[in-house]
Amino acid sequence: MKQVSLFLITLNALFISCSTPSRDSAFIDNLMSRMTLEEKIGQLNLPSGGDIQTGTVFGAELDSLILEGKIGGFFNVKGVDEISRLQHLAVERGPHGIPLLVGADVIHGYETIFPIPLALSCSWDTTAIERMAQISAMEATADGINWNFSPMVDICRDPRWGRIAEGSGEDPYLGSMMAVAYVKGYQGEDLSADSTLLACVKHFALYGAAEGGRDYRPVDMSDVTMYNYYLPPFKAAVEAGCASLMTSFNLINGTHATADGKLINGLLRTGWHFNGLVVSDYNSFPDIAAMGTSKIEDAATLALEAGTDMDMVSGLYLKNLKNAVDKGLISEKIIDKACRRVLEAKQRLGLFDNPYQYCNPDRAKTGIFNTENRQAAREIAAETFVLLKNDNHVLPLRKTDKIAVIGPLADAANNMVGCWSMHAQTDKHNSLLEALKGAVGADGRILYARGCNIYDDETMQLNATGLRCIPFEHDTRQLEQEALYIAAKADVIVAAMGESSDMSGESASRADISIPAPQRRLLEKLKETGKPIVLLLFTGRPLVLDWESRNLDAILNVWFGGSEAADAISDVIFGTKIPQGKLTTSLPLHQGQIPIHYNRLPSSRPDPQAGVFNRYQSNYIDVDNEPLYPFGFGLSYTTFAYGKPTLSSTVLQENGCIDATVNVTNTGDYDGYEIVQLYIRDPVAQIARPIKELKDFARVFIRKGETATVHFSITDDKLKYYDANLKYDYEPGEFIVMIGSDSRNVQELSFRAE
Ligand code: BGC
């Protein structure tokens with residue numbers, strides 16, 4: 001028996017090494033010519049090997065799928081040793097020795113955790129995002145992974161949606177820039193190198209617009225909205241060479257995204273020339289039936305015909321495709337196409353040349369969660385915090401201040417990392433309290449009290465804090481008294497409050513997006529002490545902060561900053577670093593304003609002044625139209641003064657360029673970064689165009705007292721949009737340019753485009 005298997009190992013190895021060169025398309029032709037229909041269908045199957053959710057297959061089952069050639073890859077298996085064992089099994093004993101794709105959700109870091117993507121986008125720093133993606137790829141590939149289910153590029157205008165945490169906010173231009181940075185970072189220059197992996201842009205498409213901000217809900221959207229606002233980041237990722245794409249869970253105008261041939265085979269493959277791999281989302285195939293668009297037995301053929309190559313988890317390709325071919329319901333050629341794309345992805349990774357290149361235990365020992373990566377995460381995290389308010393320069397704090405650190409998130413190291421950070425080593429990094437104590441040293445005066453629960457309701461708290469459990473305390477009176485006692489003794493209160501890690505991400509929608517009740521009540525009590533209060537706001541989504549903005553002295557939105565967040569926060573609140581992030585979503589004044597976004601269409605009845613209600617105008621009786629903090633907003637410890645912008649010409653010739661220039665002076669006491677933003681409005685067009693759209697930005701470092709001259713090039717591609725016939729162009733006429741520090745605070749100029 002032993003001899004037989006040894007013989008098989010040699011045979012498989014021979015097939016790989018003796019056939020046509022593995023980088024050649026003839027190599028795949030040759031390989032496929034030897035595969036049975038069942039084996040080709042096997043390549044389309046992607047089970048989950050872990051125990052994260054339902055639909056999992058376990059150890060022995062994964063082994064037999066591999067040996068029987070019923071699997072193209074797997075995901076949710078952690079650890080280079082186990083992954084290496086499975087890869088060896090496939091190559092040495094599986095039919096034709098075909099290596100496996102090994103997927104994972106490395107959304108904002110692997111073991112070194114970076115800020116959640118929404119926070120990362122607030123850095124507006126594409127270089128930092130590329131660096132974080134590179135480090136994530138280095139760590140993940142060191143542990144055996146070769147396919148990353150990231151970036152998520154869903155545009156979102158509804159902060160109730162928990163998955164807003166995973167994307168880059170509400171703007172298609174910024175979202176596109178970020179999408180490209182992620183893809184470049186993950187895939188690098190050479191996808192076949194051992195430290196790069198396949199990126200997977202998701203969720204195609206429109207998932208960010210799911211009804212009511214609830215996961216898995218339908219989307220009904222016009223083509224022009226889809227093309228102008230929701231699809232651009234996907235297109236940008238595809239143009240950047242993203243190797244794979246994941247379909248979404250939602251219905252799009254009545255068709256399930258995974259069975260939407262118009263979008264997948266039509267727009268994506270024919271329109272955008274995407275030649276990579278398309279995978280469904282987790283167990284999506286049965287959803288096609290559950291959402292009423294097919295019978296369960298037809299779901300697989302519908303998905304395949306639409307262009308979905310791989311089935312994540314459901315097993316329905318395995319179960320139904322052979323039968324469908326035998327009955328003449330689909331042609332084997334479609335299966336061939338999908339199988340070829342799976343094999344091509346493996347080829348691009350260099351797996352046929354060296355199937356074990358991602359299985360190097362030495363790299364895993366030194367390349368993961370090391371000092372260098374953690375330092376990068378700390379630096380990047382500091383760039384993502386957004387200072388929303390800072391009255392009387394309460395921040396930065398002095399290390400000699402007596403500081404009362406209060407709140408359920410102050411000493412919760414496991415809650416710094418945010419959603420999708422299952423491999424975080426939360427026992428190895430600091431909590432906020434530990435970082436602050438470390439920063440002030442032995443002479444420092446840091447007092448601490450937890451103060452309150454996250455929620456009043458124990459069940460709700462335990463559900464909301466889930467994996468990263470924050471235990472519920474029953475003696476809430478005692479908690480409050482401790483907090484008030486230390487507050488009374490302190491010079492300043494630092495309140496670490498907001499959401500727990502698991503209150504955003506998948507399946508974490510909230511109907512009420514304010515700071516939960518017990519935390520707000522405690523803030524109200526702390527306010528009565530008369531001490532200055534700094535709110536360090538932990539959150540995975542924009543929150544409604546009306547009361548907080550009126551009653552607290554400073555608000556620093558720190559999101560979920562990852563494994564090094566605590567030290568990064570300490571750097572910023574003590575002034576070693578200065579805040580520089582700007583919002584990439586509007587922060588509503590009231591949740592009734594949702595959906596909310598700055599690039600809205602004009603109204604025939606212009607918005608009334610703040611605080612005024614005018615009947616028969618487009619306003620609420622009870623709340624202003626404007627968000628509390630607009631898109632692009634963020635303060636610094638220093639201040640910037642903008643000069644009057646100028647244009648090099650007031651006429652833009654076809655294929656020409658206008659230079660827009662503005663001087664920005666650092667008028668404060670710190671050197672710092674400013675994010676200068678350029679918006680454009682097309683006041684008269686074939687279809688209504690937004691009141692402003694971000695078209696460029698510059699992140700500039702300006703020393704105190706110095707002035708930087710910022711240049712933007714306005715070319716006609718900045719004016720183009722998809723019209724009612726989905727033609728991408730612009731019409732000659734007047735355009736308005738706006739330059740400023742955020743989407744509200746701008747200066748206007750105009751030019752004519754020929
Ligand atoms: C999520 C995807 C994720 C997949 C695999 C799904 O529930 O929607 O974003 O990549 O699971 O973990």
# chains A, B, ... in the order shown; residues from 1 in each chain; ligands from 1
>>> residues_near_ligand(ligand="ligand 1", cutoff="10 Å", atoms="only C-alpha atoms and all ligand atoms", output="PDB file with N, CA, C and O atoms, in the first residue's frame")
ATOM      1  N   SER A  48     -15.364  26.109   3.057  1.00  0.00           N
ATOM      2  CA  SER A  48     -14.698  26.747   4.191  1.00  0.00           C
ATOM      3  C   SER A  48     -14.158  25.643   5.086  1.00  0.00           C
ATOM      4  O   SER A  48     -14.890  24.732   5.461  1.00  0.00           O
ATOM      5  N   GLY A  50     -12.762  26.190   8.048  1.00  0.00           N
ATOM      6  CA  GLY A  50     -12.695  26.590   9.457  1.00  0.00           C
ATOM      7  C   GLY A  50     -14.002  26.369  10.161  1.00  0.00           C
ATOM      8  O   GLY A  50     -14.910  25.730   9.647  1.00  0.00           O
ATOM      9  N   ILE A  52     -15.840  28.942  11.448  1.00  0.00           N
ATOM     10  CA  ILE A  52     -16.302  30.292  11.730  1.00  0.00           C
ATOM     11  C   ILE A  52     -17.833  30.406  11.622  1.00  0.00           C
ATOM     12  O   ILE A  52     -18.479  31.016  12.437  1.00  0.00           O
ATOM     13  N   GLN A  53     -18.385  29.804  10.594  1.00  0.00           N
ATOM     14  CA  GLN A  53     -19.846  29.886  10.456  1.00  0.00           C
ATOM     15  C   GLN A  53     -20.390  28.552   9.975  1.00  0.00           C
ATOM     16  O   GLN A  53     -19.670  27.572   9.859  1.00  0.00           O
ATOM     17  N   PHE A  75     -10.894  27.979   2.257  1.00  0.00           N
ATOM     18  CA  PHE A  75     -10.549  29.173   3.040  1.00  0.00           C
ATOM     19  C   PHE A  75     -10.882  28.911   4.499  1.00  0.00           C
ATOM     20  O   PHE A  75     -11.434  27.864   4.838  1.00  0.00           O
ATOM     21  N   ASN A  76     -10.510  29.861   5.344  1.00  0.00           N
ATOM     22  CA  ASN A  76     -10.754  29.722   6.790  1.00  0.00           C
ATOM     23  C   ASN A  76      -9.948  28.609   7.438  1.00  0.00           C
ATOM     24  O   ASN A  76     -10.429  27.970   8.369  1.00  0.00           O
ATOM     25  N   GLY A 103      -7.772  30.740   0.549  1.00  0.00           N
ATOM     26  CA  GLY A 103      -8.356  32.074   0.748  1.00  0.00           C
ATOM     27  C   GLY A 103      -8.449  32.469   2.215  1.00  0.00           C
ATOM     28  O   GLY A 103      -8.349  31.638   3.118  1.00  0.00           O
ATOM     29  N   ALA A 104      -8.637  33.744   2.436  1.00  0.00           N
ATOM     30  CA  ALA A 104      -8.860  34.264   3.798  1.00  0.00           C
ATOM     31  C   ALA A 104      -9.378  35.697   3.688  1.00  0.00           C
ATOM     32  O   ALA A 104      -9.219  36.344   2.656  1.00  0.00           O
ATOM     33  N   ASP A 105     -10.000  36.143   4.768  1.00  0.00           N
ATOM     34  CA  ASP A 105     -10.447  37.536   4.839  1.00  0.00           C
ATOM     35  C   ASP A 105      -9.411  38.327   5.617  1.00  0.00           C
ATOM     36  O   ASP A 105      -9.495  38.443   6.841  1.00  0.00           O
ATOM     37  N   VAL A 106      -8.437  38.838   4.909  1.00  0.00           N
ATOM     38  CA  VAL A 106      -7.400  39.653   5.572  1.00  0.00           C
ATOM     39  C   VAL A 106      -7.765  41.104   5.251  1.00  0.00           C
ATOM     40  O   VAL A 106      -7.215  41.731   4.362  1.00  0.00           O
ATOM     41  N   ILE A 107      -8.721  41.599   5.972  1.00  0.00           N
ATOM     42  CA  ILE A 107      -9.411  42.823   5.557  1.00  0.00           C
ATOM     43  C   ILE A 107      -8.625  44.080   5.939  1.00  0.00           C
ATOM     44  O   ILE A 107      -8.592  45.057   5.201  1.00  0.00           O
ATOM     45  N   ASN A 148      -6.760  36.739  -1.059  1.00  0.00           N
ATOM     46  CA  ASN A 148      -7.348  37.573  -0.016  1.00  0.00           C
ATOM     47  C   ASN A 148      -8.687  38.149  -0.458  1.00  0.00           C
ATOM     48  O   ASN A 148      -8.773  38.801  -1.494  1.00  0.00           O
ATOM     49  N   PHE A 149      -9.721  37.941   0.350  1.00  0.00           N
ATOM     50  CA  PHE A 149     -11.051  38.463   0.017  1.00  0.00           C
ATOM     51  C   PHE A 149     -11.145  39.942   0.400  1.00  0.00           C
ATOM     52  O   PHE A 149     -11.927  40.338   1.262  1.00  0.00           O
ATOM     53  N   SER A 150     -10.348  40.735  -0.213  1.00  0.00           N
ATOM     54  CA  SER A 150     -10.295  42.173   0.046  1.00  0.00           C
ATOM     55  C   SER A 150      -9.728  42.824  -1.209  1.00  0.00           C
ATOM     56  O   SER A 150      -8.949  42.155  -1.921  1.00  0.00           O
ATOM     57  N   PRO A 151     -10.014  44.049  -1.574  1.00  0.00           N
ATOM     58  CA  PRO A 151     -10.720  45.049  -0.781  1.00  0.00           C
ATOM     59  C   PRO A 151     -12.242  45.035  -0.976  1.00  0.00           C
ATOM     60  O   PRO A 151     -12.742  44.644  -2.019  1.00  0.00           O
ATOM     61  N   MET A 152     -12.938  45.496   0.078  1.00  0.00           N
ATOM     62  CA  MET A 152     -14.359  45.765  -0.059  1.00  0.00           C
ATOM     63  C   MET A 152     -14.505  47.219  -0.494  1.00  0.00           C
ATOM     64  O   MET A 152     -14.007  48.103   0.193  1.00  0.00           O
ATOM     65  N   ARG A 163     -21.525  47.074   7.792  1.00  0.00           N
ATOM     66  CA  ARG A 163     -20.393  46.823   6.903  1.00  0.00           C
ATOM     67  C   ARG A 163     -19.812  48.097   6.315  1.00  0.00           C
ATOM     68  O   ARG A 163     -18.832  48.043   5.573  1.00  0.00           O
ATOM     69  N   GLU A 166     -16.163  48.306   6.633  1.00  0.00           N
ATOM     70  CA  GLU A 166     -15.225  47.565   5.789  1.00  0.00           C
ATOM     71  C   GLU A 166     -14.857  48.296   4.504  1.00  0.00           C
ATOM     72  O   GLU A 166     -14.043  47.796   3.720  1.00  0.00           O
ATOM     73  N   CYS A 200      -9.211  40.320  -4.104  1.00  0.00           N
ATOM     74  CA  CYS A 200     -10.569  39.961  -4.536  1.00  0.00           C
ATOM     75  C   CYS A 200     -11.474  41.150  -4.208  1.00  0.00           C
ATOM     76  O   CYS A 200     -11.802  41.385  -3.045  1.00  0.00           O
ATOM     77  N   VAL A 201     -11.861  41.897  -5.223  1.00  0.00           N
ATOM     78  CA  VAL A 201     -12.674  43.087  -4.974  1.00  0.00           C
ATOM     79  C   VAL A 201     -14.124  42.641  -4.768  1.00  0.00           C
ATOM     80  O   VAL A 201     -14.623  41.749  -5.454  1.00  0.00           O
ATOM     81  N   LYS A 202     -14.766  43.236  -3.764  1.00  0.00           N
ATOM     82  CA  LYS A 202     -16.111  42.786  -3.410  1.00  0.00           C
ATOM     83  C   LYS A 202     -16.926  43.952  -2.884  1.00  0.00           C
ATOM     84  O   LYS A 202     -16.339  44.995  -2.567  1.00  0.00           O
ATOM     85  N   HIS A 203     -18.227  43.870  -2.787  1.00  0.00           N
ATOM     86  CA  HIS A 203     -19.111  42.784  -3.186  1.00  0.00           C
ATOM     87  C   HIS A 203     -19.857  43.310  -4.400  1.00  0.00           C
ATOM     88  O   HIS A 203     -20.570  44.321  -4.267  1.00  0.00           O
ATOM     89  N   TYR A 207     -23.771  46.423  -2.809  1.00  0.00           N
ATOM     90  CA  TYR A 207     -24.149  45.902  -1.493  1.00  0.00           C
ATOM     91  C   TYR A 207     -24.281  47.023  -0.457  1.00  0.00           C
ATOM     92  O   TYR A 207     -25.090  46.946   0.470  1.00  0.00           O
ATOM     93  N   ASP A 215     -28.085  43.931   6.304  1.00  0.00           N
ATOM     94  CA  ASP A 215     -27.369  42.950   5.484  1.00  0.00           C
ATOM     95  C   ASP A 215     -28.337  42.072   4.704  1.00  0.00           C
ATOM     96  O   ASP A 215     -29.436  41.783   5.179  1.00  0.00           O
ATOM     97  N   TYR A 216     -27.852  41.634   3.563  1.00  0.00           N
ATOM     98  CA  TYR A 216     -28.534  40.641   2.717  1.00  0.00           C
ATOM     99  C   TYR A 216     -29.848  41.157   2.120  1.00  0.00           C
ATOM    100  O   TYR A 216     -30.624  40.384   1.579  1.00  0.00           O
ATOM    101  N   MET A 246     -15.626  39.179  -6.024  1.00  0.00           N
ATOM    102  CA  MET A 246     -16.683  38.429  -5.321  1.00  0.00           C
ATOM    103  C   MET A 246     -18.033  39.086  -5.568  1.00  0.00           C
ATOM    104  O   MET A 246     -18.153  40.314  -5.467  1.00  0.00           O
ATOM    105  N   THR A 247     -19.024  38.273  -5.886  1.00  0.00           N
ATOM    106  CA  THR A 247     -20.363  38.834  -6.085  1.00  0.00           C
ATOM    107  C   THR A 247     -20.992  39.098  -4.714  1.00  0.00           C
ATOM    108  O   THR A 247     -20.502  38.611  -3.701  1.00  0.00           O
ATOM    109  N   SER A 248     -22.098  39.840  -4.740  1.00  0.00           N
ATOM    110  CA  SER A 248     -22.682  40.216  -3.446  1.00  0.00           C
ATOM    111  C   SER A 248     -23.906  39.361  -3.128  1.00  0.00           C
ATOM    112  O   SER A 248     -24.382  38.590  -3.950  1.00  0.00           O
ATOM    113  N   PHE A 249     -24.392  39.553  -1.909  1.00  0.00           N
ATOM    114  CA  PHE A 249     -25.512  38.768  -1.397  1.00  0.00           C
ATOM    115  C   PHE A 249     -26.873  39.284  -1.864  1.00  0.00           C
ATOM    116  O   PHE A 249     -27.874  38.612  -1.694  1.00  0.00           O
ATOM    117  N   VAL A 279     -15.929  34.759  -7.830  1.00  0.00           N
ATOM    118  CA  VAL A 279     -16.369  33.809  -6.804  1.00  0.00           C
ATOM    119  C   VAL A 279     -17.646  34.347  -6.172  1.00  0.00           C
ATOM    120  O   VAL A 279     -17.838  35.564  -6.087  1.00  0.00           O
ATOM    121  N   SER A 280     -18.512  33.442  -5.752  1.00  0.00           N
ATOM    122  CA  SER A 280     -19.731  33.898  -5.069  1.00  0.00           C
ATOM    123  C   SER A 280     -19.364  34.281  -3.640  1.00  0.00           C
ATOM    124  O   SER A 280     -18.273  33.967  -3.165  1.00  0.00           O
ATOM    125  N   ASP A 281     -20.278  34.915  -2.953  1.00  0.00           N
ATOM    126  CA  ASP A 281     -20.077  35.121  -1.524  1.00  0.00           C
ATOM    127  C   ASP A 281     -20.554  33.862  -0.785  1.00  0.00           C
ATOM    128  O   ASP A 281     -21.098  32.925  -1.386  1.00  0.00           O
ATOM    129  N   TYR A 282     -20.372  33.879   0.501  1.00  0.00           N
ATOM    130  CA  TYR A 282     -20.589  32.721   1.380  1.00  0.00           C
ATOM    131  C   TYR A 282     -21.991  32.121   1.229  1.00  0.00           C
ATOM    132  O   TYR A 282     -22.985  32.759   1.573  1.00  0.00           O
ATOM    133  N   ASN A 283     -22.035  30.932   0.702  1.00  0.00           N
ATOM    134  CA  ASN A 283     -23.308  30.194   0.609  1.00  0.00           C
ATOM    135  C   ASN A 283     -24.387  30.962  -0.154  1.00  0.00           C
ATOM    136  O   ASN A 283     -25.581  30.846   0.141  1.00  0.00           O
ATOM    137  N   SER A 284     -23.977  31.746  -1.149  1.00  0.00           N
ATOM    138  CA  SER A 284     -24.948  32.589  -1.874  1.00  0.00           C
ATOM    139  C   SER A 284     -25.888  31.795  -2.770  1.00  0.00           C
ATOM    140  O   SER A 284     -26.979  32.269  -3.072  1.00  0.00           O
ATOM    141  N   MET A 312     -18.682  29.525  -3.342  1.00  0.00           N
ATOM    142  CA  MET A 312     -18.159  29.546  -1.978  1.00  0.00           C
ATOM    143  C   MET A 312     -19.150  28.826  -1.063  1.00  0.00           C
ATOM    144  O   MET A 312     -20.279  29.287  -0.880  1.00  0.00           O
ATOM    145  N   VAL A 313     -18.759  27.705  -0.567  1.00  0.00           N
ATOM    146  CA  VAL A 313     -19.412  26.969   0.510  1.00  0.00           C
ATOM    147  C   VAL A 313     -20.636  26.104   0.156  1.00  0.00           C
ATOM    148  O   VAL A 313     -20.787  25.013   0.695  1.00  0.00           O
ATOM    149  N   TRP A 420     -13.604  41.716  11.553  1.00  0.00           N
ATOM    150  CA  TRP A 420     -12.717  40.979  10.645  1.00  0.00           C
ATOM    151  C   TRP A 420     -11.259  41.021  11.109  1.00  0.00           C
ATOM    152  O   TRP A 420     -10.380  41.453  10.379  1.00  0.00           O
ATOM    153  N   GLY A 505     -19.427  45.750  11.144  1.00  0.00           N
ATOM    154  CA  GLY A 505     -19.019  44.579  10.373  1.00  0.00           C
ATOM    155  C   GLY A 505     -20.259  43.830   9.927  1.00  0.00           C
ATOM    156  O   GLY A 505     -21.381  44.352  10.015  1.00  0.00           O
ATOM    157  N   GLU A 506     -20.055  42.606   9.462  1.00  0.00           N
ATOM    158  CA  GLU A 506     -21.202  41.855   8.922  1.00  0.00           C
ATOM    159  C   GLU A 506     -22.186  41.498  10.019  1.00  0.00           C
ATOM    160  O   GLU A 506     -21.809  41.169  11.138  1.00  0.00           O
ATOM    161  N   SER A 507     -23.453  41.599   9.665  1.00  0.00           N
ATOM    162  CA  SER A 507     -24.531  41.253  10.583  1.00  0.00           C
ATOM    163  C   SER A 507     -24.471  42.105  11.851  1.00  0.00           C
ATOM    164  O   SER A 507     -24.644  41.606  12.956  1.00  0.00           O
TER     165      SER A 507
END
>>> residues_around(residues="range 383-388 of chain A", least_positions_apart="5", cutoff="9 Å", atoms="only C-alpha atoms", output="count of residues only")
34
>>> atom_distance(atom1="CA of Leu395 in chain A", atom2="CA of Val492 in chain A")
10.2 Å
>>> residues_around(residues="range 678-694 of chain A", least_positions_apart="6", cutoff="7 Å", atoms="only C-alpha atoms", output="PyMOL selection string")
chain A and resi 173+599-602+723-724+731+735-740
>>> closest_residue(among="A:Cys156, A:Leu397, A:Met221, A:Ala610", to="Ser586 in chain A", atoms="only C-alpha atoms")
A:Cys156
>>> select_by_dssp(residues="range 589-675 of chain A", states="strand (DSSP E)", output="MDAnalysis selection string")
chainID A and resid 640:642 646:647 651:652 657:666 672:675
>>> write_last_selection(atoms="C-alpha atoms", output="PDB file, in the first residue's frame")
ATOM      1  CA  PHE A 640      -4.555  76.343   8.034  1.00  0.00           C
ATOM      2  CA  ALA A 641      -5.523  79.487   6.144  1.00  0.00           C
ATOM      3  CA  TYR A 642      -6.489  79.205   2.500  1.00  0.00           C
ATOM      4  CA  THR A 646      -6.876  80.801  -9.101  1.00  0.00           C
ATOM      5  CA  LEU A 647      -7.268  79.078 -12.451  1.00  0.00           C
ATOM      6  CA  VAL A 651     -11.567  78.005 -20.779  1.00  0.00           C
ATOM      7  CA  LEU A 652     -10.864  74.297 -20.925  1.00  0.00           C
ATOM      8  CA  CYS A 657      -5.864  71.165 -18.977  1.00  0.00           C
ATOM      9  CA  ILE A 658      -6.458  73.988 -16.496  1.00  0.00           C
ATOM     10  CA  ASP A 659      -4.180  74.415 -13.516  1.00  0.00           C
ATOM     11  CA  ALA A 660      -6.081  75.273 -10.334  1.00  0.00           C
ATOM     12  CA  THR A 661      -3.829  76.700  -7.644  1.00  0.00           C
ATOM     13  CA  VAL A 662      -4.276  77.595  -4.012  1.00  0.00           C
ATOM     14  CA  ASN A 663      -1.875  78.732  -1.307  1.00  0.00           C
ATOM     15  CA  VAL A 664      -2.342  77.131   2.086  1.00  0.00           C
ATOM     16  CA  THR A 665      -0.565  78.580   5.117  1.00  0.00           C
ATOM     17  CA  ASN A 666       0.004  76.760   8.374  1.00  0.00           C
ATOM     18  CA  GLY A 672       1.159  69.214  10.134  1.00  0.00           C
ATOM     19  CA  TYR A 673      -0.642  67.687   7.185  1.00  0.00           C
ATOM     20  CA  GLU A 674      -3.602  69.303   5.478  1.00  0.00           C
ATOM     21  CA  ILE A 675      -5.857  67.498   3.009  1.00  0.00           C
TER      22      ILE A 675
END
>>> atom_distance(atom1="CA of Leu62 in chain A", atom2="CA of Cys419 in chain A")
27.0 Å
